[in-house]
Each structure stands twice: as C-alpha cells, then as structure tokens.
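Undergrad: Got a file for you: entry.cif, mmCIF, C-alpha atoms.
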```cif
data_final
loop_
_atom_site.label_atom_id
_atom_site.label_comp_id
_atom_site.auth_asym_id
_atom_site.auth_seq_id
_atom_site.Cartn_x
_atom_site.Cartn_y
_atom_site.Cartn_z
CA MET A 1 89.09 26.36 96.84
CA ALA A 2 87.07 28.88 94.87
CA PRO A 3 87.83 32.54 95.44
CA SER A 4 85.42 34.28 97.80
CA PRO A 5 83.05 37.03 96.57
CA SER A 6 85.10 39.61 98.51
CA PHE A 7 88.16 38.66 96.44
CA PHE A 8 86.36 39.60 93.22
CA LEU A 9 85.22 42.89 94.78
CA ILE A 10 88.75 43.85 95.80
CA PHE A 11 90.11 42.72 92.43
CA SER A 12 87.54 44.87 90.63
CA ILE A 13 88.45 47.95 92.69
CA PHE A 14 92.15 47.53 91.97
CA PHE A 15 91.43 47.00 88.27
CA VAL A 16 89.52 50.31 88.14
CA LEU A 17 92.21 52.16 90.08
CA PHE A 18 95.10 50.95 87.96
CA HIS A 19 93.52 50.76 84.51
CA ALA A 20 91.05 53.66 84.47
CA THR A 21 92.50 57.05 83.55
CA PRO A 22 92.90 59.07 86.76
CA SER A 23 91.83 62.70 86.70
CA PHE A 24 95.33 64.01 87.23
CA GLN A 25 96.39 62.44 83.92
CA LEU A 26 93.60 64.10 81.97
CA GLN A 27 94.60 66.88 79.63
CA LEU A 28 93.58 70.49 80.04
CA ASN A 29 91.14 71.60 77.38
CA THR A 30 93.00 73.10 74.42
CA LEU A 31 90.77 76.20 74.40
CA ASP A 32 91.68 76.84 78.05
CA ILE A 33 95.39 76.41 77.32
CA ALA A 34 95.15 78.95 74.50
CA ALA A 35 93.23 81.34 76.76
CA LEU A 36 95.83 81.08 79.55
CA LEU A 37 98.61 81.76 77.05
CA ALA A 38 96.79 84.87 75.77
CA ILE A 39 96.23 86.06 79.35
CA LYS A 40 99.92 85.66 80.15
CA ASN A 41 100.87 87.56 76.99
CA THR A 42 98.90 90.67 78.12
CA LEU A 43 100.03 90.63 81.75
CA THR A 44 103.46 90.70 83.34
CA ASP A 45 104.98 90.53 86.78
CA VAL A 46 105.91 93.89 88.24
CA PRO A 47 109.55 93.64 89.44
CA GLY A 48 109.42 91.96 92.83
CA THR A 49 106.49 89.73 91.87
CA HIS A 50 107.05 86.15 90.68
CA PHE A 51 103.52 85.03 89.99
CA PHE A 52 104.02 83.86 86.39
CA SER A 53 107.23 81.96 87.16
CA THR A 54 105.20 78.74 87.44
CA TRP A 55 103.33 79.23 84.16
CA ASP A 56 105.46 76.92 82.04
CA PHE A 57 103.40 75.85 79.04
CA ALA A 58 105.70 72.88 78.52
CA SER A 59 104.37 71.45 81.77
CA PRO A 60 102.27 68.30 81.21
CA ARG A 61 99.95 69.22 84.09
CA PRO A 62 99.30 73.00 84.14
CA CYS A 63 96.33 72.58 86.49
CA SER A 64 98.63 71.51 89.30
CA ALA A 65 101.68 73.54 88.23
CA PHE A 66 100.27 76.99 87.39
CA ALA A 67 99.86 79.39 90.32
CA GLY A 68 96.30 80.66 90.68
CA VAL A 69 94.74 78.00 88.42
CA ILE A 70 92.20 75.47 89.68
CA CYS A 71 90.62 72.92 87.34
CA SER A 72 87.71 70.52 87.45
CA LEU A 73 86.73 67.53 85.35
CA ASP A 74 84.37 68.24 82.47
CA ASP A 75 82.77 64.94 81.48
CA SER A 76 79.99 66.45 79.40
CA SER A 77 81.66 65.33 76.18
CA PRO A 78 82.68 61.82 75.02
CA ASN A 79 86.32 62.74 75.70
CA PRO A 80 86.48 64.19 79.22
CA THR A 81 88.99 66.99 79.79
CA LEU A 82 89.96 69.35 82.57
CA ARG A 83 88.57 72.88 82.52
CA VAL A 84 89.74 75.95 84.43
CA THR A 85 87.09 76.81 87.03
CA SER A 86 89.00 79.30 89.18
CA LEU A 87 91.61 81.86 88.12
CA ILE A 88 93.34 84.06 90.68
CA LEU A 89 95.79 86.49 89.09
CA GLY A 90 98.48 87.72 91.47
CA THR A 91 99.66 86.58 94.86
CA GLY A 92 97.68 88.95 97.07
CA LEU A 93 100.68 89.24 99.40
CA SER A 94 101.27 92.63 101.01
CA ASP A 95 104.91 92.70 99.87
CA SER A 96 104.04 91.85 96.26
CA PRO A 97 103.66 94.77 93.79
CA GLY A 98 101.30 92.69 91.68
CA LEU A 99 100.83 92.51 87.95
CA ALA A 100 100.93 95.08 85.14
CA GLY A 101 99.49 95.09 81.64
CA SER A 102 95.88 94.66 80.61
CA LEU A 103 93.10 92.11 80.79
CA SER A 104 92.76 89.91 77.72
CA ALA A 105 89.40 89.34 76.05
CA SER A 106 90.48 85.68 75.93
CA LEU A 107 89.40 85.41 79.55
CA SER A 108 85.94 84.83 78.12
CA ASN A 109 87.13 81.56 76.56
CA LEU A 110 87.47 80.06 80.04
CA THR A 111 83.78 79.28 79.85
CA GLN A 112 83.70 77.09 82.98
CA LEU A 113 85.08 79.80 85.26
CA THR A 114 83.19 80.26 88.52
CA GLN A 115 85.76 82.59 90.10
CA LEU A 116 87.93 85.31 88.56
CA VAL A 117 90.10 87.37 90.90
CA LEU A 118 92.70 90.02 90.09
CA TYR A 119 94.76 91.09 93.08
CA ALA A 120 96.18 94.58 93.63
CA GLY A 121 98.63 95.76 91.00
CA LEU A 122 99.12 98.11 88.07
CA VAL A 123 96.78 96.60 85.48
CA THR A 124 95.33 99.26 83.17
CA GLY A 125 92.78 99.50 80.38
CA PRO A 126 89.12 98.48 80.24
CA ILE A 127 87.26 95.53 81.65
CA PRO A 128 86.68 93.30 78.62
CA PRO A 129 82.94 93.28 77.82
CA GLN A 130 83.39 89.64 76.75
CA LEU A 131 83.42 88.71 80.45
CA GLY A 132 79.63 88.82 80.18
CA ASN A 133 79.91 85.46 78.40
CA LEU A 134 81.17 83.72 81.56
CA VAL A 135 77.69 82.63 82.59
CA ASN A 136 78.96 80.29 85.32
CA LEU A 137 80.83 83.05 87.13
CA ARG A 138 79.97 83.45 90.81
CA VAL A 139 82.82 85.70 91.96
CA LEU A 140 84.26 88.56 89.92
CA SER A 141 86.82 90.60 91.86
CA LEU A 142 89.08 93.05 89.99
CA THR A 143 90.25 95.40 92.73
CA ASN A 144 93.03 97.86 93.49
CA ASN A 145 94.37 98.36 90.00
CA ARG A 146 94.07 101.12 87.39
CA LEU A 147 91.23 99.82 85.27
CA THR A 148 89.47 102.53 83.25
CA GLY A 149 86.36 102.98 81.17
CA PRO A 150 82.79 101.95 81.98
CA ILE A 151 81.51 98.91 83.78
CA PRO A 152 80.44 96.71 80.85
CA ALA A 153 76.68 96.39 80.58
CA SER A 154 77.30 92.78 79.57
CA LEU A 155 78.03 91.94 83.22
CA SER A 156 74.26 92.15 83.70
CA SER A 157 74.12 88.76 81.96
CA LEU A 158 75.99 87.02 84.79
CA HIS A 159 72.91 85.62 86.50
CA ASN A 160 74.91 83.29 88.73
CA LEU A 161 77.07 86.10 90.09
CA HIS A 162 77.28 86.20 93.89
CA THR A 163 80.05 88.79 94.41
CA LEU A 164 81.02 91.73 92.21
CA ASP A 165 83.97 93.78 93.48
CA LEU A 166 85.48 96.39 91.15
CA SER A 167 86.65 98.77 93.88
CA PHE A 168 89.71 101.01 93.91
CA ASN A 169 90.11 101.51 90.18
CA GLN A 170 89.44 104.43 87.83
CA LEU A 171 86.17 103.26 86.32
CA SER A 172 83.80 105.91 84.98
CA GLY A 173 80.30 106.20 83.61
CA SER A 174 77.12 105.02 85.29
CA ILE A 175 76.35 101.74 87.02
CA PRO A 176 74.54 99.51 84.51
CA PRO A 177 70.91 99.20 85.71
CA GLY A 178 70.87 95.48 84.98
CA ILE A 179 73.44 94.80 87.71
CA ALA A 180 70.80 95.77 90.28
CA HIS A 181 68.61 92.96 88.97
CA LEU A 182 71.07 90.07 89.24
CA ASP A 183 68.95 87.87 91.46
CA GLN A 184 71.88 85.84 92.87
CA LEU A 185 74.00 88.89 93.74
CA LYS A 186 74.80 89.18 97.45
CA VAL A 187 77.83 91.51 97.54
CA LEU A 188 78.29 94.63 95.37
CA ILE A 189 81.46 96.71 95.94
CA LEU A 190 82.20 99.54 93.50
CA ALA A 191 83.91 101.92 95.95
CA SER A 192 86.68 104.38 95.09
CA ASN A 193 86.18 104.85 91.38
CA MET A 194 84.89 107.76 89.30
CA LEU A 195 81.40 106.43 88.68
CA SER A 196 78.62 108.95 88.08
CA GLY A 197 74.90 109.00 87.42
CA GLU A 198 72.20 107.81 89.79
CA LEU A 199 72.25 104.75 91.99
CA PRO A 200 70.17 102.09 90.20
CA LYS A 201 66.94 100.87 91.73
CA PHE A 202 67.19 97.50 93.43
CA PRO A 203 64.15 95.25 93.82
CA ALA A 204 63.01 95.26 97.45
CA SER A 205 62.72 91.47 97.33
CA GLN A 206 66.32 90.91 96.22
CA GLU A 207 68.54 89.17 98.81
CA LEU A 208 71.44 91.58 98.54
CA PHE A 209 73.47 91.94 101.74
CA HIS A 210 76.33 94.34 100.99
CA ILE A 211 76.31 97.55 98.89
CA ASP A 212 79.41 99.76 98.89
CA VAL A 213 79.68 102.61 96.36
CA LYS A 214 81.56 105.15 98.50
CA ARG A 215 84.01 107.68 97.03
CA ASN A 216 82.52 108.10 93.59
CA LYS A 217 80.61 110.89 91.85
CA ILE A 218 77.16 109.36 92.13
CA TRP A 219 74.41 111.95 92.36
CA GLY A 220 70.68 112.06 92.98
CA ARG A 221 68.44 110.61 95.65
CA LEU A 222 68.56 107.27 97.35
CA PRO A 223 66.11 104.88 95.67
CA SER A 224 62.68 104.99 97.28
CA SER A 225 63.03 101.31 98.14
CA MET A 226 66.05 99.14 98.84
CA PRO A 227 66.48 95.40 99.35
CA VAL A 228 65.18 94.73 102.86
CA SER A 229 67.97 92.18 103.33
CA VAL A 230 70.76 94.78 103.18
CA ARG A 231 73.09 94.71 106.18
CA TYR A 232 75.92 96.95 104.94
CA LEU A 233 75.24 100.14 102.98
CA SER A 234 77.84 102.81 102.19
CA VAL A 235 77.31 105.68 99.76
CA SER A 236 79.63 108.14 101.53
CA GLU A 237 81.61 110.83 99.71
CA ASN A 238 79.32 111.13 96.71
CA ARG A 239 76.99 113.89 95.51
CA MET A 240 73.67 112.56 96.72
CA TRP A 241 70.84 114.59 98.22
CA GLY A 242 67.29 114.48 99.47
CA PRO A 243 65.54 112.57 102.28
CA ILE A 244 66.41 109.03 103.30
CA ASN A 245 62.91 107.70 103.93
CA GLY A 246 63.69 104.72 101.72
CA LEU A 247 65.83 103.29 104.51
CA GLU A 248 62.98 102.96 106.99
CA SER A 249 62.26 99.36 106.03
CA LEU A 250 65.89 98.15 106.31
CA SER A 251 65.57 96.36 109.63
CA GLU A 252 68.64 94.16 109.00
CA LEU A 253 71.15 97.02 108.73
CA VAL A 254 74.24 96.74 110.92
CA TYR A 255 76.41 99.29 109.07
CA LEU A 256 75.22 102.52 107.42
CA ASP A 257 77.48 105.23 106.01
CA LEU A 258 75.87 108.19 104.23
CA SER A 259 78.51 110.69 105.29
CA MET A 260 79.77 113.61 103.21
CA ASN A 261 76.79 114.04 100.92
CA GLN A 262 73.92 116.54 100.90
CA PHE A 263 71.14 114.43 102.38
CA SER A 264 68.46 116.39 104.19
CA GLY A 265 65.28 116.07 106.22
CA PRO A 266 64.81 114.19 109.46
CA ILE A 267 66.68 111.00 110.34
CA PRO A 268 64.12 108.17 110.48
CA LYS A 269 63.50 106.95 114.01
CA SER A 270 63.68 103.36 112.76
CA LEU A 271 67.46 103.74 112.32
CA PHE A 272 68.01 104.28 116.04
CA HIS A 273 68.33 100.69 117.21
CA SER A 274 71.16 98.66 118.70
CA ARG A 275 71.43 96.27 115.76
CA LEU A 276 72.65 99.18 113.63
CA ASN A 277 76.04 99.20 115.33
CA SER A 278 77.65 101.75 112.99
CA MET A 279 75.68 104.76 111.74
CA LEU A 280 77.77 107.42 110.02
CA LEU A 281 75.67 110.37 108.82
CA GLN A 282 78.11 113.22 109.39
CA ARG A 283 78.55 116.23 107.11
CA ASN A 284 75.10 116.33 105.55
CA ASN A 285 72.11 118.64 105.97
CA PHE A 286 69.94 116.50 108.25
CA SER A 287 67.48 118.51 110.31
CA GLY A 288 64.96 117.89 113.04
CA GLY A 289 65.89 116.33 116.35
CA VAL A 290 67.33 113.16 117.75
CA PRO A 291 64.23 110.98 118.23
CA THR A 292 62.71 111.30 121.67
CA ASP A 293 62.60 108.03 123.50
CA ALA A 294 61.90 107.32 127.14
CA SER A 295 65.02 105.21 127.55
CA SER A 296 68.41 104.57 126.01
CA THR A 297 69.05 101.74 123.56
CA SER A 298 71.49 99.00 124.54
CA TYR A 299 74.33 99.38 122.05
CA ALA A 300 77.12 96.81 121.76
CA GLN A 301 80.82 97.24 122.34
CA GLY A 302 82.48 98.91 119.35
CA SER A 303 79.34 100.83 118.36
CA ILE A 304 79.76 104.20 116.66
CA VAL A 305 77.22 106.88 115.76
CA ASP A 306 78.35 110.06 114.01
CA LEU A 307 75.71 112.73 113.43
CA SER A 308 78.16 115.65 113.53
CA HIS A 309 78.14 118.63 111.15
CA ASN A 310 74.40 118.62 110.45
CA LEU A 311 71.47 120.88 111.33
CA LEU A 312 69.97 118.86 114.19
CA THR A 313 67.96 120.86 116.70
CA GLY A 314 66.08 120.45 119.96
CA GLU A 315 67.06 118.75 123.17
CA LEU A 316 69.07 115.55 123.19
CA SER A 317 67.09 112.46 124.17
CA PRO A 318 68.63 109.46 125.99
CA ILE A 319 68.27 107.18 122.98
CA LEU A 320 72.00 107.21 122.10
CA ALA A 321 73.38 106.87 125.63
CA GLY A 322 75.59 103.78 125.70
CA VAL A 323 77.04 104.19 122.21
CA GLU A 324 80.78 103.62 122.60
CA THR A 325 81.84 106.37 120.18
CA LEU A 326 79.33 109.19 119.75
CA PHE A 327 79.81 112.37 117.72
CA LEU A 328 77.03 114.97 117.98
CA ASN A 329 79.20 118.05 117.60
CA ASN A 330 78.54 120.96 115.24
CA ASN A 331 74.76 120.88 115.33
CA ARG A 332 72.13 123.09 116.99
CA LEU A 333 71.26 120.99 120.01
CA ILE A 334 70.03 122.85 123.07
CA GLY A 335 69.15 122.34 126.72
CA ARG A 336 70.32 119.86 129.30
CA VAL A 337 72.18 116.67 128.47
CA PRO A 338 70.25 113.70 129.95
CA ASP A 339 71.77 111.94 132.96
CA GLU A 340 72.06 108.70 130.97
CA TYR A 341 75.00 110.12 128.99
CA VAL A 342 76.82 111.20 132.14
CA ASN A 343 76.32 107.75 133.66
CA SER A 344 77.54 106.03 130.50
CA ILE A 345 80.82 107.93 130.30
CA SER A 346 81.32 107.58 134.06
CA ARG A 347 81.13 103.80 133.70
CA GLY A 348 83.36 103.86 130.62
CA ASP A 349 80.65 102.39 128.38
CA THR A 350 80.84 105.52 126.22
CA LYS A 351 84.49 106.20 125.49
CA THR A 352 84.10 109.19 123.15
CA LEU A 353 81.39 111.84 123.47
CA TYR A 354 81.75 114.98 121.37
CA LEU A 355 79.12 117.67 121.97
CA GLN A 356 81.13 120.77 121.08
CA HIS A 357 79.73 123.55 118.90
CA ASN A 358 76.10 123.21 119.94
CA TYR A 359 73.89 125.34 122.19
CA ILE A 360 73.81 123.00 125.19
CA SER A 361 73.23 124.73 128.52
CA ASP A 362 73.90 122.02 131.13
CA PHE A 363 75.94 118.86 131.54
CA PRO A 364 74.83 117.41 134.90
CA MET A 365 78.11 115.99 136.08
CA GLN A 366 78.89 115.91 139.78
CA SER A 367 81.66 118.22 140.86
CA GLY A 368 84.94 116.35 141.31
CA LEU A 369 83.78 113.21 139.49
CA ALA A 370 86.76 111.63 137.74
CA LEU A 371 86.23 110.00 134.37
CA PRO A 372 88.04 106.83 133.28
CA ASP A 373 91.32 107.49 131.42
CA SER A 374 89.84 105.88 128.31
CA VAL A 375 87.10 108.52 128.00
CA SER A 376 87.26 111.57 125.68
CA LEU A 377 84.59 114.17 126.42
CA CYS A 378 84.35 117.50 124.61
CA LEU A 379 81.82 120.17 125.61
CA SER A 380 83.47 123.34 124.40
CA TYR A 381 81.70 126.19 122.58
CA ASN A 382 78.25 125.62 124.05
CA CYS A 383 76.01 127.83 126.18
CA MET A 384 77.82 126.76 129.33
CA VAL A 385 81.26 126.60 130.86
CA PRO A 386 82.52 122.99 130.72
CA PRO A 387 83.33 121.36 134.07
CA VAL A 388 86.91 121.87 135.17
CA GLY A 389 89.36 119.21 134.05
CA LEU A 390 87.40 117.95 131.03
CA ALA A 391 89.54 119.44 128.26
CA ALA A 392 89.70 116.43 125.93
CA CYS A 393 88.72 118.21 122.72
CA PRO A 394 90.29 117.86 119.30
CA ALA A 395 92.17 120.82 117.82
CA SER A 396 89.26 121.42 115.44
CA ALA A 397 87.06 122.38 118.41
CA GLY A 398 88.93 125.67 118.79
CA GLY A 399 90.17 127.36 121.92
CA GLN A 400 86.96 128.98 123.15
CA LEU A 401 85.36 127.18 126.09
CA SER A 402 81.86 128.60 125.60
CA ARG A 403 79.78 130.58 123.12
CA PRO A 404 79.31 134.33 123.41
CA ALA A 405 76.22 135.07 125.50
CA TYR A 406 74.47 136.93 122.67
CA GLN A 407 74.52 133.79 120.47
CA CYS A 408 72.87 131.73 123.18
CA SER A 409 70.20 134.27 123.95
CA VAL A 410 69.36 134.80 120.27
CA TYR A 411 69.19 131.07 119.60
CA ASN A 412 67.10 130.24 122.65
CA ASN A 413 64.65 132.95 121.61
CA GLY A 414 64.14 131.05 118.37
CA THR A 415 65.53 133.74 116.09
CA ALA A 416 68.83 132.11 115.18
CA PRO A 417 69.47 131.19 111.56
#
```
Could I get this structure in the form of structure tokens?
TA:
Amino acid sequence: MAPSPSFFLIFSIFFVLFHATPSFQLQLNTLDIAALLAIKNTLTDVPGTHFFSTWDFASPRPCSAFAGVICSLDDSSPNPTLRVTSLILGTGLSDSPGLAGSLSASLSNLTQLTQLVLYAGLVTGPIPPQLGNLVNLRVLSLTNNRLTGPIPASLSSLHNLHTLDLSFNQLSGSIPPGIAHLDQLKVLILASNMLSGELPKFPASQELFHIDVKRNKIWGRLPSSMPVSVRYLSVSENRMWGPINGLESLSELVYLDLSMNQFSGPIPKSLFHSRLNSMLLQRNNFSGGVPTDASSTSYAQGSIVDLSHNLLTGELSPILAGVETLFLNNNRLIGRVPDEYVNSISRGDTKTLYLQHNYISDFPMQSGLALPDSVSLCLSYNCMVPPVGLAACPASAGGQLSRPAYQCSVYNNGTAP
C-alpha cells in the first residue's frame, strides 16, 4: 500500500527538525564575543557580587550561559549567526553591591542591541560617546553609579530610543538639545546629577510621557511649550525661575513637582483638576490666590497638593477640599476657611491639612467635634486661636498658637509686606 500524503508531511517535518541547524547550535557573532570580552575586562564584580561568574568564554553557548545576555538570530547574511540584542549588567538585587570599573567603548560593537541596562554599583568614568552608534537601541538605563562627564551629544542619534535613564550619577554639563527631539522617546530620567544649563525645548507634538530632571543645577525658565502628552514632570531642586504659563496646555498631567526653585507669578487655574493627583509647588515664589471656584474638585485617594512656603494671598476657595494631603502653610492667606474643608477632614477624606503661618481668621468647626484619629490638622500662628484639642502641628510650626494682633491688623489693612 502506498504511503498516505500525511506520512510524507510528517516525514518532511521530522527531516527539517533533525537535519536543519537549530538556533541554539548557531554560533555567536565573533564581533559580539570580542565586545563582551572587552566589556568584562573593564568591569569587575564588587565583593559580594557574582554576576560575571557565568561569563566563561570557553562556553560553547554564551547566549544561554552568560548572565544578562540575550541573543537573537541574525539571518541577514548568508551565514546566519546569533547577535546580542539585550545586555543587562549587574543583578539588580538589593543585597548585591553591583559592579565596579568603567564602561568600555566596545559596547558600540554590539550593533544589534535594543536594550542596555547597568544596575546600581560603583562604575566610574564617562559614558562612551560611541554608544551613539547603537541605532537599534530602545532602552538605555545607566543608573545609580558614579558616571562622570557630559551626556554625549551622540545619544541624539538614537532615533529608536524609547527610554533614557541616566539618573543618580555625577554627570555634568548641559542636556544635549538633540535629546529633546528624539521622536520615539517616551521616558527621560536624568535626576540626581550635576547637570546645568537650561532645560531644552521639546516639540509640543512629541509623545513624551515622563520627564524627570530633579536635583540638578538646571537654571532658567520652563520652556514656553511642553509636549502636551506629558503625564509626569519633575524639575524640583534646581535653579529655575519665572512663570509657569507653559504648563497650561498639559491636560494629561498626573504628577507635577516644581518644588524648591524660584518660580513666580500666579499658579495657572488649569492645574487645579482631579486628574493631577500630585502637585508639589512648595518653596517657590508663587503669588496671587488659590483659584476661586464655586465648588471643590473630586480628588482621588492618595492625592497630595503642596503649595506651602510661597506668597499666596487672598481667601481660600473650596477648590482643594477633598485632597487627601494638603499643605497650604507659610503663605499669606486670609479670612475664613470654607466649610468644605471642615467637612472633608471630619469625614476623614482629607487626612492632613496644614494651614499654619497664614493670616486666617476663622476655622468654622463645631465646638466639641472630634476628628478621626487619622487626621492631622494644624492651624497655629494665624489670626485666630485654634479650636481646643487640635494640636497636631509639626515642630517646625513653632509653639505660638496665634499671631500677634498687630500683625493681623496691619496685614488686613493691606499694608503688610
């Protein structure tokens, strides 16, 4: 009886499986092997780390044996080989001290890399400018080490880059302007370095979601326009100044931290919405009042707004009632606190409300009303005596319950500084 057609199909499949060269038997590209060897020669395990213990170059299959190395088949040439597409240096474990040494320029020979990650350690020296040759790179993360020198301008050539994280190093110089024009970039984290100069201008049409440059020495104004897609923006603890009108169009913001700078002018009303769940503007020179609104905004659990240590004036409107953690202390607010704030802390929706060091004259809380144990309310050093039993102030509020009468009378007459 003649074999059935299905027999030939099964036979053909088995022939391919057993006679074709499977990918795990393919050899790693010789250029990649040489690059990995050079990388290992410039880095070393800090005592207590055993990352490089698996990097045995006598191994016939380094792609499966080497920690942190992932390979993919490159069949673009007549003789297909394996190429390194992901390199993660270090274990990333909390009990691992990481790696020491420096980054080799030979990293640029891993031309198929899409991901390069260096975990926390003691790696020093510059970022090799040759990394700008890794045109396939989508993730570049070199964080929590001791890298020095400038951010290479060549990184502006990485047009496929999605994430750039160089935070917690000792990098200096300005941010290369070209980085702001990487059209695939979604996440930019350069926090906790020694970067200076102005923040580059980002195209408003760019789909950038996350910008974090806090704790640097960046100076100047915020760019007049920012990517409207931004959801997370932190420039805190820099040397920036001027108005923040450029943020008015950022309707997607959920986290904003401009604290500890010298920003000034009014806070745009467009920032007072419930989607912006964290707004940290403390220790600046913002002036004007909290926007007047007929009703409070419905803020979510975990929301925080910190407008403390500014120059805000006028009466407090209900717009921020319902924020879970609200700091309005050390401003020049006057008058009566709206009932909405009293109701919010009475329900426990607002858990922290700091109003100390203002010129507030009335907090309309019913006598004998007990607040939930989870609530912290501070009203000291205002133009009133706080209700009895509400001493939940931090030590920084001082020991005086109310302002001297002459300060209140002078301020309410409009002659205070």
Undergrad: Neighbouring residues of Gly125 of chain A were defined as those with any atom within 7 Å, considering all atoms listed in the file; residues of the same chain fewer than 3 positions away were excluded. Please report them as JSON, numbers by chain.
TA: {"A": [102, 147, 148]}
Undergrad: Tell me which of A:Asn136, A:Thr81, A:Ser274, A:Ser174 sits closest to Leu116 of chain A, counting only C-alpha atoms.
TA: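 Looking at the shortest contact to Leu116 of chain A, the residue is A:Asn136.
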Undergrad: Do a neighbour search on Leu355 of chain A at 6 Å with all atoms listed in the file, toss out local chain neighbours closer than 5 positions, and write the hits as a PyMOL selection string.
TA: chain A and resi 328-329+378-379
Undergrad: Evaluate the PyMOL selection byres ((chain A and resi 106-114) around 6) on the structure here and hand back the selected residues as a list in words.
TA: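 Selected by the PyMOL selection byres ((chain A and resi 106-114) around 6) here: Asp32, Ala35, Thr85, Ser86, Ser104, Ala105, Gln115, Gln130, Leu131, Leu134, Asn136, Leu137 and Arg138 of chain A.
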Undergrad: Written as a JSON list (two decimals) with C-alpha atoms, in the coordinates of the input, which residues does the PyMOL selection byres ((chain A and resi 247) around 10) give for the file shown?
TA:
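Below you can see selection_12.json, which holds the result:
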```json
[["chain", "number", "residue", "atom", "x", "y", "z"],
["A", 222, "LEU", "CA", 68.56, 107.27, 97.35],
["A", 223, "PRO", "CA", 66.11, 104.88, 95.67],
["A", 224, "SER", "CA", 62.68, 104.99, 97.28],
["A", 225, "SER", "CA", 63.03, 101.31, 98.14],
["A", 226, "MET", "CA", 66.05, 99.14, 98.84],
["A", 227, "PRO", "CA", 66.48, 95.40, 99.35],
["A", 228, "VAL", "CA", 65.18, 94.73, 102.86],
["A", 230, "VAL", "CA", 70.76, 94.78, 103.18],
["A", 243, "PRO", "CA", 65.54, 112.57, 102.28],
["A", 244, "ILE", "CA", 66.41, 109.03, 103.30],
["A", 245, "ASN", "CA", 62.91, 107.70, 103.93],
["A", 246, "GLY", "CA", 63.69, 104.72, 101.72],
["A", 248, "GLU", "CA", 62.98, 102.96, 106.99],
["A", 249, "SER", "CA", 62.26, 99.36, 106.03],
["A", 250, "LEU", "CA", 65.89, 98.15, 106.31],
["A", 251, "SER", "CA", 65.57, 96.36, 109.63],
["A", 253, "LEU", "CA", 71.15, 97.02, 108.73],
["A", 256, "LEU", "CA", 75.22, 102.52, 107.42],
["A", 267, "ILE", "CA", 66.68, 111.00, 110.34],
["A", 268, "PRO", "CA", 64.12, 108.17, 110.48],
["A", 270, "SER", "CA", 63.68, 103.36, 112.76],
["A", 271, "LEU", "CA", 67.46, 103.74, 112.32]]
```
Undergrad: Would you kindly return, as a ChimeraX atom specification, each protein, DNA or RNA residue with an atom no farther than 10 Å from any atom of segment 160-171 of chain A, considering all atoms listed in the file and excluding same-chain residues fewer than 5 positions away?
TA: /A:114-115,117-118,120,122-127,134-151,155,179,182-196,208,210,212-216
Undergrad: With C-alpha atoms retained, write the just-selected residues as a tab-separated table (two decimals), keeping the file's coordinate frame.
TA:
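Listing of again_30.tsv after writing:
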```tsv
chain	number	residue	atom	x	y	z
A	114	THR	CA	83.19	80.26	88.52
A	115	GLN	CA	85.76	82.59	90.10
A	117	VAL	CA	90.10	87.37	90.90
A	118	LEU	CA	92.70	90.02	90.09
A	120	ALA	CA	96.18	94.58	93.63
A	122	LEU	CA	99.12	98.11	88.07
A	123	VAL	CA	96.78	96.60	85.48
A	124	THR	CA	95.33	99.26	83.17
A	125	GLY	CA	92.78	99.50	80.38
A	126	PRO	CA	89.12	98.48	80.24
A	127	ILE	CA	87.26	95.53	81.65
A	134	LEU	CA	81.17	83.72	81.56
A	135	VAL	CA	77.69	82.63	82.59
A	136	ASN	CA	78.96	80.29	85.32
A	137	LEU	CA	80.83	83.05	87.13
A	138	ARG	CA	79.97	83.45	90.81
A	139	VAL	CA	82.82	85.70	91.96
A	140	LEU	CA	84.26	88.56	89.92
A	141	SER	CA	86.82	90.60	91.86
A	142	LEU	CA	89.08	93.05	89.99
A	143	THR	CA	90.25	95.40	92.73
A	144	ASN	CA	93.03	97.86	93.49
A	145	ASN	CA	94.37	98.36	90.00
A	146	ARG	CA	94.07	101.12	87.39
A	147	LEU	CA	91.23	99.82	85.27
A	148	THR	CA	89.47	102.53	83.25
A	149	GLY	CA	86.36	102.98	81.17
A	150	PRO	CA	82.79	101.95	81.98
A	151	ILE	CA	81.51	98.91	83.78
A	155	LEU	CA	78.03	91.94	83.22
A	179	ILE	CA	73.44	94.80	87.71
A	182	LEU	CA	71.07	90.07	89.24
A	183	ASP	CA	68.95	87.87	91.46
A	184	GLN	CA	71.88	85.84	92.87
A	185	LEU	CA	74.00	88.89	93.74
A	186	LYS	CA	74.80	89.18	97.45
A	187	VAL	CA	77.83	91.51	97.54
A	188	LEU	CA	78.29	94.63	95.37
A	189	ILE	CA	81.46	96.71	95.94
A	190	LEU	CA	82.20	99.54	93.50
A	191	ALA	CA	83.91	101.92	95.95
A	192	SER	CA	86.68	104.38	95.09
A	193	ASN	CA	86.18	104.85	91.38
A	194	MET	CA	84.89	107.76	89.30
A	195	LEU	CA	81.40	106.43	88.68
A	196	SER	CA	78.62	108.95	88.08
A	208	LEU	CA	71.44	91.58	98.54
A	210	HIS	CA	76.33	94.34	100.99
A	212	ASP	CA	79.41	99.76	98.89
A	213	VAL	CA	79.68	102.61	96.36
A	214	LYS	CA	81.56	105.15	98.50
A	215	ARG	CA	84.01	107.68	97.03
A	216	ASN	CA	82.52	108.10	93.59
```
Undergrad: For Ala100 of chain A, which of A:Asp293, A:Glu237, A:Asp45, A:Asp362 is the closest residue, counting only C-alpha atoms?
TA: A:Asp45
Undergrad: Axis-aligned box over every listed atom of segment 88-92 of chain A, padded by 6 Å per side: centre and edges in Å to one decimal, as AutoDock Vina command-line options?
TA:
```
--center_x 96.5 --center_y 86.5 --center_z 93.1 --size_x 18.3 --size_y 16.9 --size_z 20.0
```
Undergrad: For the file shown, report as a list in words the outcome of the PyMOL selection byres ((chain A and resi 95) around 12) at residue level.
TA: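 For this structure, the PyMOL selection byres ((chain A and resi 95) around 12) captures Val46, Pro47, Gly48, Thr49, His50, Gly90, Thr91, Gly92, Leu93, Ser94, Ser96, Pro97, Gly98, Ala120 and Gly121 of chain A.
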Undergrad: Which one is closest to Ser53 of chain A: A:Asn277, A:Gly68, A:Asp306, A:Trp241? Count all atoms listed in the file.
TA: A:Gly68
